Structures are given as C-alpha cells and as structure tokens.
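S.K.: Provided herewith: final-v4.txt, compact mmCIF, C-alpha atoms.
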# COMPACT_ATOMS: atom_id res chain seq x y z
CA MET A 1 12.95 3.32 -14.80
CA SER A 2 11.50 0.36 -16.66
CA SER A 3 7.76 -0.04 -17.07
CA HIS A 4 8.16 -3.45 -15.44
CA VAL A 5 9.22 -1.87 -12.16
CA GLN A 6 6.35 0.63 -12.39
CA SER A 7 3.83 -2.20 -12.67
CA THR A 8 5.15 -4.53 -10.00
CA ASP A 9 3.45 -2.66 -7.18
CA LEU A 10 0.03 -3.40 -8.66
CA ALA A 11 0.85 -7.10 -8.82
CA VAL A 12 1.39 -7.43 -5.08
CA GLY A 13 -2.10 -8.18 -3.79
CA MET A 14 -3.16 -9.30 -0.32
CA MET A 15 -3.23 -12.93 -1.50
CA ASP A 16 0.27 -12.70 -2.95
CA ALA A 17 2.75 -15.24 -1.65
CA ALA A 18 4.77 -12.30 -0.28
CA TYR A 19 2.31 -11.91 2.59
CA PHE A 20 3.17 -15.42 3.79
CA THR A 21 6.89 -14.61 4.14
CA GLY A 22 7.96 -15.05 7.76
CA ARG A 23 9.84 -12.74 10.10
CA ARG A 24 13.06 -14.75 10.04
CA GLU A 25 13.21 -14.86 6.24
CA LEU A 26 12.57 -11.11 6.00
CA LEU A 27 15.31 -10.27 8.48
CA GLU A 28 17.73 -12.56 6.66
CA PHE A 29 16.79 -10.89 3.37
CA PHE A 30 17.42 -7.34 4.61
CA ASN A 31 20.57 -8.29 6.51
CA THR A 32 22.12 -10.10 3.55
CA LEU A 33 21.18 -7.67 0.79
CA LEU A 34 21.86 -4.44 2.70
CA ASP A 35 24.70 -5.58 4.98
CA LEU A 36 22.63 -5.13 8.16
CA ASN A 37 22.25 -6.97 11.44
CA LEU A 38 18.57 -6.47 12.22
CA THR A 39 17.12 -8.68 14.92
CA LYS A 40 13.54 -7.38 15.03
CA ILE A 41 11.04 -6.29 12.40
CA GLU A 42 10.22 -3.27 14.56
CA GLN A 43 13.69 -1.88 13.79
CA THR A 44 12.47 -1.06 10.28
CA ALA A 45 9.85 1.37 11.63
CA THR A 46 12.16 4.39 11.11
CA GLY A 47 11.73 4.07 7.34
CA ALA A 48 15.50 4.12 6.73
CA VAL A 49 15.71 0.47 5.63
CA ALA A 50 12.83 0.96 3.20
CA CYS A 51 14.61 4.01 1.79
CA GLN A 52 17.80 2.05 1.14
CA LEU A 53 15.98 -0.90 -0.45
CA THR A 54 14.16 1.55 -2.74
CA ASP A 55 17.52 3.14 -3.61
CA TYR A 56 18.77 -0.35 -4.49
CA ILE A 57 15.80 -1.03 -6.78
CA LEU A 58 15.55 2.52 -8.17
CA PRO A 59 19.07 4.02 -8.10
CA GLY A 60 19.13 7.75 -7.43
CA SER A 61 15.44 7.92 -6.52
CA ILE A 62 16.20 8.80 -2.90
CA PRO A 63 18.81 11.31 -1.67
CA MET A 64 20.52 8.91 0.74
CA SER A 65 22.43 11.76 2.39
CA ARG A 66 19.09 12.95 3.82
CA VAL A 67 18.09 9.58 5.30
CA ASN A 68 18.29 9.64 9.10
CA TRP A 69 19.52 6.26 10.36
CA GLY A 70 19.68 7.52 13.91
CA ALA A 71 16.04 8.63 14.00
CA LYS A 72 14.55 8.41 17.48
CA ALA A 73 11.47 10.67 17.43
CA SER A 74 8.30 10.26 15.38
CA TYR A 75 8.92 13.43 13.36
CA GLU A 76 12.31 12.02 12.31
CA TYR A 77 10.62 8.81 11.16
CA VAL A 78 8.11 10.89 9.19
CA ALA A 79 10.93 12.74 7.41
CA ASN A 80 12.35 9.41 6.19
CA TYR A 81 8.94 8.23 4.98
CA LYS A 82 8.44 11.50 3.10
CA LEU A 83 11.58 10.71 1.10
CA LEU A 84 10.20 7.22 0.42
CA GLN A 85 6.74 8.38 -0.67
CA THR A 86 8.27 11.07 -2.90
CA ALA A 87 10.38 8.41 -4.62
CA PHE A 88 7.30 6.22 -5.14
CA ASN A 89 5.31 9.11 -6.58
CA LYS A 90 8.18 10.23 -8.83
CA ASN A 91 8.57 6.73 -10.25
CA LYS A 92 4.80 6.14 -10.49
CA ILE A 93 4.85 3.38 -7.86
CA GLN A 94 1.21 3.34 -6.78
CA ARG A 95 1.80 2.44 -3.16
CA HIS A 96 0.56 4.62 -0.30
CA VAL A 97 2.83 4.49 2.73
CA ASP A 98 0.68 4.48 5.87
CA VAL A 99 3.12 6.53 7.94
CA ASP A 100 0.80 6.92 10.95
CA LYS A 101 0.74 3.16 11.46
CA LEU A 102 4.38 2.40 10.68
CA ILE A 103 5.93 5.00 12.99
CA ARG A 104 4.20 3.37 15.97
CA ALA A 105 6.62 0.46 15.51
CA LYS A 106 3.90 -2.16 15.87
CA TYR A 107 5.02 -5.62 14.75
CA GLN A 108 2.12 -6.55 12.44
CA ASP A 109 1.98 -3.23 10.55
CA ASN A 110 5.72 -3.21 9.88
CA LEU A 111 5.76 -6.93 9.06
CA GLU A 112 3.18 -6.44 6.29
CA PHE A 113 5.10 -3.47 4.87
CA CYS A 114 8.35 -5.47 4.92
CA GLN A 115 6.58 -8.33 3.15
CA TRP A 116 5.45 -5.89 0.47
CA LEU A 117 8.99 -4.50 0.11
CA LYS A 118 10.38 -8.02 -0.30
CA ALA A 119 7.79 -8.84 -2.97
CA PHE A 120 8.45 -5.52 -4.71
CA TYR A 121 12.15 -6.38 -4.84
CA ASP A 122 11.53 -9.93 -6.11
CA GLN A 123 9.17 -8.80 -8.85
CA SER A 124 11.42 -5.94 -9.94
CA GLY A 125 14.06 -8.38 -11.14
CA ILE A 126 16.80 -5.92 -10.08
CA PHE A 127 20.18 -7.41 -9.12
CA ARG A 128 23.20 -5.18 -8.37
CA GLU A 129 26.13 -7.39 -7.50
CA GLU A 130 28.54 -4.47 -6.95
CA TYR A 131 26.17 -2.48 -4.72
CA ASP A 132 28.09 -1.28 -1.64
CA ALA A 133 25.31 -1.11 0.95
CA PHE A 134 27.51 0.15 3.79
CA ALA A 135 29.03 2.96 1.71
CA VAL A 136 25.61 4.10 0.53
CA ARG A 137 24.19 3.99 4.04
CA SER A 138 27.16 5.96 5.41
CA LYS A 139 26.07 8.99 3.38
CA GLY A 140 23.10 9.49 5.72
CA LYS A 141 22.98 10.72 9.31
CA GLY A 142 24.17 7.93 11.61
CA GLY A 143 24.51 5.52 8.70
CA ASN A 144 28.12 4.59 9.41
CA THR A 145 27.28 3.47 12.95
CA TYR A 146 23.95 1.81 12.19
CA VAL A 147 23.66 -1.92 12.91
CA HIS A 148 25.46 -3.93 10.26
CA ASN A 149 26.79 -7.45 9.95
CA GLY A 150 30.40 -6.43 10.49
CA SER A 151 31.61 -8.20 7.35
CA GLY A 152 34.03 -5.33 6.76
CA GLY A 153 33.65 -5.36 3.00
CA GLY A 154 30.54 -3.25 3.06
CA LYS A 155 28.95 -5.12 0.16
CA GLY A 156 25.96 -7.26 0.96
CA ALA A 157 26.10 -10.84 -0.20
CA PRO A 158 24.44 -11.40 -3.58
CA VAL A 159 20.72 -12.02 -3.16
CA LYS A 160 19.01 -12.52 -6.48
CA PRO A 161 15.27 -11.79 -6.57
CA SER A 162 13.28 -14.84 -5.45
CA GLY A 163 16.54 -16.74 -5.38
CA ARG A 164 16.32 -19.08 -2.39
CA SER A 165 17.94 -22.48 -2.93
CA THR A 166 19.40 -25.12 -0.64
CA ALA A 167 21.75 -27.94 -1.63
CA PRO A 168 19.98 -31.19 -0.62
CA THR A 169 21.72 -34.10 1.10
CA ALA A 170 21.69 -37.61 -0.36
CA ALA A 171 18.94 -38.67 2.08
CA SER A 172 16.82 -35.64 1.34
CA ARG A 173 17.16 -36.21 -2.42
CA THR A 174 15.80 -39.74 -1.98
CA ILE A 175 12.85 -38.56 0.12
CA THR A 176 12.15 -35.67 -2.24
CA SER A 177 12.20 -37.95 -5.27
CA THR A 178 9.68 -40.32 -3.66
CA LYS A 179 7.38 -37.52 -2.52
CA SER A 180 7.52 -35.66 -5.84
CA ARG A 181 6.11 -38.63 -7.73
CA ALA A 182 3.27 -38.98 -5.24
CA THR A 183 2.36 -35.30 -5.19
CA SER A 184 3.04 -34.15 -8.77
CA GLY A 185 -0.66 -34.08 -9.60
CA ALA A 186 -1.54 -32.12 -6.47
CA THR A 187 1.30 -29.65 -7.15
CA ALA A 188 0.04 -28.96 -10.66
CA ALA A 189 -3.48 -28.33 -9.36
CA THR A 190 -2.14 -26.04 -6.63
CA THR A 191 -0.12 -24.07 -9.19
CA VAL A 192 -3.18 -23.48 -11.36
CA THR A 193 -5.21 -22.39 -8.32
CA ALA A 194 -2.43 -20.04 -7.18
CA LYS A 195 -2.14 -18.42 -10.62
CA LYS A 196 -5.91 -17.91 -10.75
CA ALA A 197 -5.93 -16.37 -7.27
CA SER A 198 -3.01 -14.11 -8.20
CA THR A 199 -4.78 -12.90 -11.35
CA GLU A 200 -7.98 -12.18 -9.45
CA SER A 201 -5.96 -10.34 -6.81
CA VAL A 202 -4.29 -8.13 -9.42
CA LEU A 203 -7.64 -7.25 -10.98
CA ALA A 204 -9.15 -6.49 -7.57
CA ASP A 205 -6.20 -4.26 -6.62
CA ALA A 206 -6.38 -2.42 -9.94
CA ALA A 207 -10.10 -1.77 -9.40
CA LEU A 208 -9.42 -0.45 -5.89
CA MET A 209 -6.68 1.87 -7.20
CA LYS A 210 -9.06 3.24 -9.83
CA LYS A 211 -11.76 3.80 -7.23
CA ASN A 212 -9.25 5.50 -4.93
CA SER A 213 -8.17 7.82 -7.75
CA GLU A 214 -11.79 8.76 -8.49
CA LEU A 215 -12.50 9.47 -4.82
CA SER A 216 -9.34 11.56 -4.50
CA SER A 217 -10.42 13.64 -7.49
CA LYS A 218 -13.87 14.20 -6.01
CA LEU A 219 -12.32 15.18 -2.68
CA LYS A 220 -10.16 17.82 -4.37
CA GLU A 221 -13.21 19.22 -6.16
CA ALA A 222 -15.13 19.33 -2.85
CA ASP A 223 -12.25 21.14 -1.13
CA LEU A 224 -12.12 23.71 -3.92
CA ALA A 225 -15.89 24.29 -3.78
CA LYS A 226 -15.70 24.63 0.01
CA GLU A 227 -12.95 27.25 -0.28
CA GLU A 228 -14.97 29.26 -2.82
CA LEU A 229 -18.05 29.11 -0.60
CA GLU A 230 -16.08 30.32 2.41
CA ILE A 231 -14.76 33.30 0.42
CA GLU A 232 -18.31 34.19 -0.71
CA ARG A 233 -19.65 33.76 2.84
CA ASP A 234 -17.03 36.10 4.26
CA TRP A 235 -17.79 38.63 1.54
CA TYR A 236 -21.50 38.74 2.43
CA LEU A 237 -20.77 38.88 6.14
CA ASN A 238 -18.51 41.86 5.50
CA LYS A 239 -21.36 43.59 3.65
CA LEU A 240 -23.69 43.06 6.60
CA ARG A 241 -21.08 44.29 9.02
CA SER A 242 -20.48 47.43 6.94
CA ILE A 243 -24.19 48.22 6.84
CA GLU A 244 -24.46 47.59 10.58
CA ILE A 245 -21.65 50.10 11.23
CA MET A 246 -23.36 52.71 9.01
CA LEU A 247 -26.69 52.31 10.79
CA GLN A 248 -25.03 52.43 14.21
CA ALA A 249 -23.18 55.64 13.28
CA HIS A 250 -26.44 57.15 12.03
CA GLN A 251 -28.20 56.17 15.28
CA ASP A 252 -25.39 57.64 17.38
CA LYS A 253 -25.65 61.00 15.59
CA ILE A 254 -29.40 61.13 16.21
CA GLU A 255 -28.92 60.38 19.91
CA VAL A 256 -26.50 63.27 20.34
CA GLN A 257 -28.79 65.48 18.22
CA GLU A 258 -26.32 65.77 15.37
CA GLU A 259 -27.50 66.09 11.80
CA SER A 260 -27.56 62.82 9.84
CA ASN A 261 -28.92 62.69 6.31
CA ALA A 262 -31.10 59.61 5.82
CA ASP A 263 -30.93 59.90 2.03
CA VAL A 264 -27.14 59.81 2.12
CA LEU A 265 -27.33 56.79 4.43
CA VAL A 266 -29.61 54.93 2.04
CA GLU A 267 -27.25 55.71 -0.85
CA LYS A 268 -24.31 54.31 1.11
CA VAL A 269 -26.23 51.15 1.97
CA PHE A 270 -27.09 50.54 -1.68
CA LYS A 271 -23.46 51.10 -2.66
CA VAL A 272 -22.41 48.38 -0.22
CA LEU A 273 -25.15 45.98 -1.31
CA TYR A 274 -24.35 46.24 -5.01
CA ALA A 275 -20.57 46.28 -4.66
CA ALA A 276 -18.60 43.45 -6.26
CA ILE A 277 -15.68 41.66 -4.60
CA GLU A 278 -13.14 43.51 -6.71
CA ASP A 279 -14.54 46.92 -5.59
CA ASN A 280 -12.81 46.45 -2.22
CA ILE A 281 -15.24 48.66 -0.30
CA ASP A 282 -14.42 49.07 3.39
CA VAL A 283 -16.28 51.05 6.04
CA GLY A 284 -14.60 52.68 9.05
CA ASP A 285 -15.88 52.80 12.62
CA ASP A 286 -17.47 56.19 11.90
CA GLY A 287 -19.64 54.70 9.14
CA GLU A 288 -17.75 56.42 6.35
CA PHE A 289 -16.07 54.70 3.39
CA LEU A 290 -12.34 54.13 3.67
CA GLU A 291 -10.15 55.01 0.77
CA SER A 292 -8.58 51.88 -0.73
Using the file provided, produce a representation of the structure as structure tokens.

M.R.:
Amino acid sequence: MSSHVQSTDLAVGMMDAAYFTGRRELLEFFNTLLDLNLTKIEQTATGAVACQLTDYILPGSIPMSRVNWGAKASYEYVANYKLLQTAFNKNKIQRHVDVDKLIRAKYQDNLEFCQWLKAFYDQSGIFREEYDAFAVRSKGKGGNTYVHNGSGGGKGAPVKPSGRSTAPTAASRTITSTKSRATSGATAATTVTAKKASTESVLADAALMKKNSELSSKLKEADLAKEELEIERDWYLNKLRSIEIMLQAHQDKIEVQEESNADVLVEKVFKVLYAAIEDNIDVGDDGEFLES
C-alpha cells in the first residue's frame, strides 16, 4: 500500500469539506461505485458497505467471503466491523471505528462515518475501472441478493475520486461567466481561508492522535501494574489464610486435649511467612503442609 493512502486518514479533519457532503450525494456515490441501490444512510450500519469500499481502495485487505451482507443482529454487525478495523490496523490507517455507535443505526453517526469514507476514497486517488462490485460482493454471505442497482453487468459506473462534473447549458454558461467575473476575488480569498483551515485541522488531528497514543500506552502500563498488584495481593492473602488454618488446627487439638507442639507451630508459621511465590507452599485443612 502506498504511503499516500496511509496518510490520507490523518488529513480528514472535522473541518474537512467531506463533512459537508449531503445524504443524497453519499448514496449516489456508494450506489454508483459499488453497484448498489441504497435508499437510506442507515442501511450502511451493518459495516458491509464500508468493508467493500475499503476492499476497493486497499485490494485484498478484507476477506470479502467473510463479510455478512445479510446481517440482522448487532453481533453480526460487530463481526463486519472487526474485519474493517483489522484492515485499517494492518494498513496503518489511524482511524478508530466507533462500533458501539454505528451498530445502533442512528442517522447522524452513520452519516459522519460515510462522509469520512467518501473523503478517504477521494484522497486515496484510487480508481479501478474494471472493478466488478457485484462479483466481489457475491463472495460474502447474502452478497448476491443484497440491494443492487440491477444493471446486470455487475460493474459499478466509473467514479473517479472527487470527480463530479456537470455539462452546463448555454444559459448557465452565460450566467456562470457573468458571476465568475464578479466573484473571482472572493473565490480566491475563500480558497486561501479553506487551505489555512485544512492545514490547521490536519495539525490538530495529528496532535490528538499523538495524545491518544500516549494515553493508550499509559493505560497498558496501568493495567499491567494492576495485574501484578492483584497477584501479590492474592499471594499475601493466601499466606494469612494458611496461618489461620494452622492456628485453628492447633486450637482444635487443645480443645480436645490432644498434644500440639507450640514450637512446631511457630516453625510452620515462619516457613509460611518467609516463603517466596515460587515455593508453592499450600496448607491443608488439618494445618499440615501439602506436598506439591
């Protein structure tokens, strides 16, 4: 995978133009590129569409035969998103997929993720004219019956990254020509402002990613220290329990007027106190050491 694709995820900040892409344009994008017939953004909540788009951008990164297009339950959605996150991690795409939010199929959460996917595609510069979306999708569970545009050919229409263009009419060319002369100065100023905002957004996102990495590292260290402390705690509790059993056995012998040597008891207690973890000393219910 090219280093350009690895870096595009960092360039998609919250102020990126991608987050102003509307629902209709997103649906048209997915339907055209992947030979689908989506009518609602919420239909992408299963994670299957995101998996196929990622396969388009990063061929072979996702085992499409494991993608469940007929997913109905939350755990089936999660399985799809695991494939997606694994592909991101493998290709060093620093994007965390918030599965808990997406699987609820809420419009706003899935809209923002679709906007990010569209921007990721545009900035990747990938264009695969011979990509057979229907054939690829058919490898997965329910893929051959999933909603598609019924074109029959299986290949989505060519959609070049950031390639929207419309042939203007004669009247529109006249209006556009007049307006362009009046607004050329404003357009230039807007472009400069947009570039500055984009640069600041990239820097801010990079700083957040660095901070997130540092916090993740500290969390792992804390978890490791916690685990070690729990092991040590259990070890000391076991010592106390062993000594308690010895003393109880000694007390029981005295109560039934059996002989119990206090010196031997003290020696056993010291042996427990000074034992190391690797000594594996265990005491039975009768207060005697068990053979390991």

S.K.: Find the distance between CA of Asp279 in chain A and CA of Asn261 in chain A and write it in Å to one decimal.

M.R.: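 We find that CA of Asp279 in chain A and CA of Asn261 in chain A lie 24.4 Å from each other.
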
S.K.: Please report the interatomic distance between CA of Phe270 in chain A and CA of Lys239 in chain A in Å with one decimal.

M.R.: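 According to the coordinates, CA of Phe270 in chain A and CA of Lys239 in chain A are separated by 10.5 Å.
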
S.K.: One number please: CA of Val97 in chain A to CA of Leu38 in chain A, in Å, one decimal.

M.R.: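 According to the coordinates, CA of Val97 in chain A and CA of Leu38 in chain A are separated by 21.4 Å.
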
S.K.: Fewer than 4 positions away in the same chain doesn't count, so skip those; otherwise give me all residues within 12 Å of Val266 in chain A, counting only C-alpha atoms, as an MDAnalysis selection string.

M.R.: chainID A and resid 243 246:247 250 260:262 270:273

S.K.: So, with all atoms listed in the file as the atoms that count, which of A:Val78, A:Leu84, A:Val256, A:Cys114 lies closest to Glu28 in chain A?

M.R.: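 Result for the nearest residue to Glu28 in chain A: A:Cys114.
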
S.K.: May I ask which of the residues A:Lys101, A:Ala197, A:Cys51, A:Ile126 is the closest one to Met64 in chain A, counting all atoms listed in the file?

M.R.: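 Closest to Met64 in chain A, using all atoms listed in the file: A:Cys51.
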
S.K.: Using all atoms listed in the file, which residue out of A:Lys226, A:Lys118, A:Lys106, A:Lys218 lies closest to Leu53 in chain A?

M.R.: A:Lys118

S.K.: From the set A:Glu25, A:Leu102, A:Ile57, A:Asp252, which residue has the shortest atom-to-atom contact distance to Gly125 in chain A, counting only C-alpha atoms?

M.R.: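 Among A:Glu25, A:Leu102, A:Ile57, A:Asp252, it is A:Ile57 that comes nearest to Gly125 in chain A.
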
S.K.: For Pro63 in chain A, please output as a PyMOL selection string all residues within 10 Å (counting all atoms listed in the file; exclusion window: fewer than 2 positions along the same chain).

M.R.: chain A and resi 51-52+55+59-61+65-67+83-84+87+139-140

S.K.: Please provide the set of residues having any atom within 12 Å of Asp100 in chain A, restricted to all atoms listed in the file, with same-chain residues fewer than 5 positions apart removed, written as a list of chain:residue names.

M.R.: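 Listing them by chain and then by number gives A:Ala45, A:Thr46, A:Gly47, A:Ser74, A:Tyr75, A:Tyr77, A:Val78, A:Tyr81, A:Lys82, A:Ala105, A:Lys106, A:Asp109, A:Asn110.
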
S.K.: Restricting the calculation to only C-alpha atoms: of A:Gly284, A:Ile62, A:Trp235, A:Lys72, which residue gets closest to Asn89 in chain A?

M.R.: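 Checking each of A:Gly284, A:Ile62, A:Trp235, A:Lys72 against Asn89 in chain A, counting only C-alpha atoms, the winner is A:Ile62.
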
S.K.: For Leu58 in chain A, which residue out of A:Asn280, A:Asn80, A:Ser124, A:Ser217 is the nearest one, using only C-alpha atoms?

M.R.: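 Under the stated criterion, the closest residue is A:Ser124.
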